[in-house]
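Heads up, the thing below is written out as structure tokens.
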Amino acid sequence: MVSRVKRKASLLALLSGSLLLAGHFSGAARWSIVIGIVSSFVTVTPLLRFLFLAIIWISSLGGAAVILGGLLVLEERILLAKLLILLGTGFGIVSFVIVLVLAIYRGDLPVASGPFVVMAGIGLSIAARFLMRR
């Protein structure tokens, strides 16, 4: 039986994924940057190239990957759920805080617009992953 905390995490992930879909957001761009950086330091083998393509493919699903992760929580597939949510958003807590602080510093914090919906979705996805630890 799924615990109350896991059900809350699932609900947050489902809501997060819906917001990300509404904001037309995916984590693919962020992961492409990370892969580009990694590629400059290591030799890219065919296996590594396949892994990179799989990451980009999953992250391009964006909110759909987050929603799938939320459903997997209900099936007690926590590790896979957390992975899909991370790939779908492209954000962890540290990168989210950095982006948020920079936006506040520049004075372009999105309020009541598409970017706000996306930021809310990312924030909820981080909260969902945090609840999955318990």
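Residue names in the structure tokens use chain letters A, B, ... in the order shown, residue numbers from 1 in each chain, and ligand numbers from 1 in the order shown.
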Original post:
Do you know which residues are at most 7 Å from Ile67 (chain A) counting only C-alpha atoms, after dropping those on the same chain fewer than 5 positions away, and could you put them as a PyMOL selection string?
Top reply: chain A and resi 13-14+17
Output file for the selection above: C-alpha atoms, as a PDB file, in the first residue's frame:
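As a result, part30.pdb now contains:
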ATOM      1  CA  ALA A  13       4.306  15.465  -9.583  1.00  0.00           C
ATOM      2  CA  LEU A  14       1.046  15.199 -11.540  1.00  0.00           C
ATOM      3  CA  GLY A  17       3.787  17.919 -15.008  1.00  0.00           C
TER       4      GLY A  17
END
Original post:
Could you name the residues that touch region 93-101 of chain A at 10 Å or less, counting only C-alpha atoms, but leaving out those on the same chain fewer than 2 positions away, as number ranges by chain?
Top reply: A: 90-91, 103-110, 119, 122-123, 125-127, 129-130
Written file, previous selection with C-alpha atoms, as a PDB file, in the first residue's frame:
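In the end it all went to result-v3.pdb:
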ATOM      1  CA  GLY A  90      16.199  19.440 -16.047  1.00  0.00           C
ATOM      2  CA  PHE A  91      16.367  21.105 -12.650  1.00  0.00           C
ATOM      3  CA  ALA A 103      15.895  36.331 -11.916  1.00  0.00           C
ATOM      4  CA  ILE A 104      15.216  38.278  -8.702  1.00  0.00           C
ATOM      5  CA  TYR A 105      18.582  40.042  -8.959  1.00  0.00           C
ATOM      6  CA  ARG A 106      17.916  41.085 -12.563  1.00  0.00           C
ATOM      7  CA  GLY A 107      14.412  42.175 -11.679  1.00  0.00           C
ATOM      8  CA  ASP A 108      12.752  39.943 -14.243  1.00  0.00           C
ATOM      9  CA  LEU A 109      10.983  37.550 -11.918  1.00  0.00           C
ATOM     10  CA  PRO A 110       8.080  36.182 -13.965  1.00  0.00           C
ATOM     11  CA  MET A 119       8.746  27.998 -12.442  1.00  0.00           C
ATOM     12  CA  ILE A 122       9.614  23.089 -11.477  1.00  0.00           C
ATOM     13  CA  GLY A 123       9.225  24.054  -7.827  1.00  0.00           C
ATOM     14  CA  SER A 125       8.547  18.801  -9.050  1.00  0.00           C
ATOM     15  CA  ILE A 126      11.399  19.457  -6.620  1.00  0.00           C
ATOM     16  CA  ALA A 127       8.957  19.249  -3.699  1.00  0.00           C
ATOM     17  CA  ARG A 129      11.088  14.473  -5.344  1.00  0.00           C
ATOM     18  CA  PHE A 130      11.833  15.629  -1.806  1.00  0.00           C
TER      19      PHE A 130
END
**OP:** Please run DSSP on the backbone and report, as a VMD selection string, all residues within region 22-118 of chain A that come out as alpha helix (DSSP H).
**Re:** chain A and resid 22 28 to 41 46 to 60 63 to 74 78 to 89 93 to 106 114 to 118
Generate the output file for the selected residues, C-alpha atoms, as a tab-separated table (two decimals), in the first residue's frame.
chain	number	residue	atom	x	y	z
A	22	ALA	CA	0.79	24.10	-20.00
A	28	ALA	CA	15.98	18.97	-23.08
A	29	ALA	CA	17.81	22.28	-23.52
A	30	ARG	CA	19.36	22.12	-20.05
A	31	TRP	CA	20.48	18.51	-20.55
A	32	SER	CA	21.91	19.36	-23.99
A	33	ILE	CA	24.15	21.93	-22.31
A	34	VAL	CA	25.27	19.43	-19.68
A	35	ILE	CA	26.00	16.80	-22.33
A	36	GLY	CA	27.98	19.34	-24.37
A	37	ILE	CA	30.14	20.11	-21.34
A	38	VAL	CA	30.68	16.44	-20.53
A	39	SER	CA	31.56	15.73	-24.18
A	40	SER	CA	34.35	18.30	-24.07
A	41	PHE	CA	36.05	16.40	-21.22
A	46	PRO	CA	28.88	4.92	-29.25
A	47	LEU	CA	27.49	3.68	-25.91
A	48	LEU	CA	27.88	7.12	-24.36
A	49	ARG	CA	26.29	8.73	-27.43
A	50	PHE	CA	23.32	6.34	-27.05
A	51	LEU	CA	23.03	7.26	-23.37
A	52	PHE	CA	23.09	10.98	-24.26
A	53	LEU	CA	20.38	10.48	-26.88
A	54	ALA	CA	18.22	8.56	-24.38
A	55	ILE	CA	18.58	11.39	-21.85
A	56	ILE	CA	17.65	14.02	-24.44
A	57	TRP	CA	14.70	11.95	-25.67
A	58	ILE	CA	13.27	11.46	-22.16
A	59	SER	CA	13.90	15.07	-21.16
A	60	SER	CA	12.21	16.34	-24.32
A	63	GLY	CA	5.82	17.55	-18.34
A	64	ALA	CA	4.77	14.16	-19.72
A	65	ALA	CA	7.89	12.60	-18.18
A	66	VAL	CA	7.05	14.28	-14.87
A	67	ILE	CA	3.47	12.99	-15.01
A	68	LEU	CA	4.73	9.48	-15.77
A	69	GLY	CA	7.07	9.81	-12.79
A	70	GLY	CA	4.11	10.79	-10.62
A	71	LEU	CA	2.22	7.70	-11.72
A	72	LEU	CA	5.24	5.49	-11.04
A	73	VAL	CA	5.29	6.70	-7.43
A	74	LEU	CA	1.90	5.04	-6.98
A	78	ILE	CA	10.47	5.52	-6.59
A	79	LEU	CA	13.95	5.55	-8.14
A	80	LEU	CA	12.62	5.49	-11.70
A	81	ALA	CA	10.00	8.10	-10.80
A	82	LYS	CA	12.63	10.45	-9.38
A	83	LEU	CA	14.81	9.96	-12.46
A	84	LEU	CA	11.97	10.75	-14.88
A	85	ILE	CA	11.00	13.84	-12.90
A	86	LEU	CA	14.61	15.08	-12.83
A	87	LEU	CA	15.09	14.49	-16.56
A	88	GLY	CA	11.72	15.99	-17.46
A	89	THR	CA	12.43	19.25	-15.64
A	93	ILE	CA	17.17	22.20	-6.14
A	94	VAL	CA	20.55	23.93	-6.57
A	95	SER	CA	20.06	24.95	-10.20
A	96	PHE	CA	16.48	26.04	-9.48
A	97	VAL	CA	17.60	28.30	-6.61
A	98	ILE	CA	20.39	29.78	-8.76
A	99	VAL	CA	17.98	30.58	-11.61
A	100	LEU	CA	15.45	32.05	-9.16
A	101	VAL	CA	18.06	34.23	-7.41
A	102	LEU	CA	19.41	35.48	-10.74
A	103	ALA	CA	15.89	36.33	-11.92
A	104	ILE	CA	15.22	38.28	-8.70
A	105	TYR	CA	18.58	40.04	-8.96
A	106	ARG	CA	17.92	41.08	-12.56
A	114	GLY	CA	4.02	31.49	-18.96
A	115	PRO	CA	7.42	31.51	-17.25
A	116	PHE	CA	5.71	31.74	-13.84
A	117	VAL	CA	3.68	28.61	-14.62
A	118	VAL	CA	6.90	26.82	-15.57
Subject >> Of the listed residues A:Leu61, A:Ala120, A:Leu131, A:Val42, that which approaches Leu11 (chain A) most closely, counting only C-alpha atoms >> reply: A:Leu131
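Interatomic distance, CA of Leu20 (chain A) to CA of Ser3 (chain A): 25.6 Å.
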Original post:
So, counting only C-alpha atoms, which residue among A:His24, A:Arg77, A:Ser18, A:Val44 is closest to Met132 (chain A)?
Top reply: A:Arg77
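Reported to one decimal place, the separation of CA of Arg4 (chain A) from CA of Gly27 (chain A) is 28.4 Å.
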Original post:
Hey, can you check how far CA of Leu19 (chain A) sits from CA of Gly121 (chain A)?
Top reply: 5.1 Å
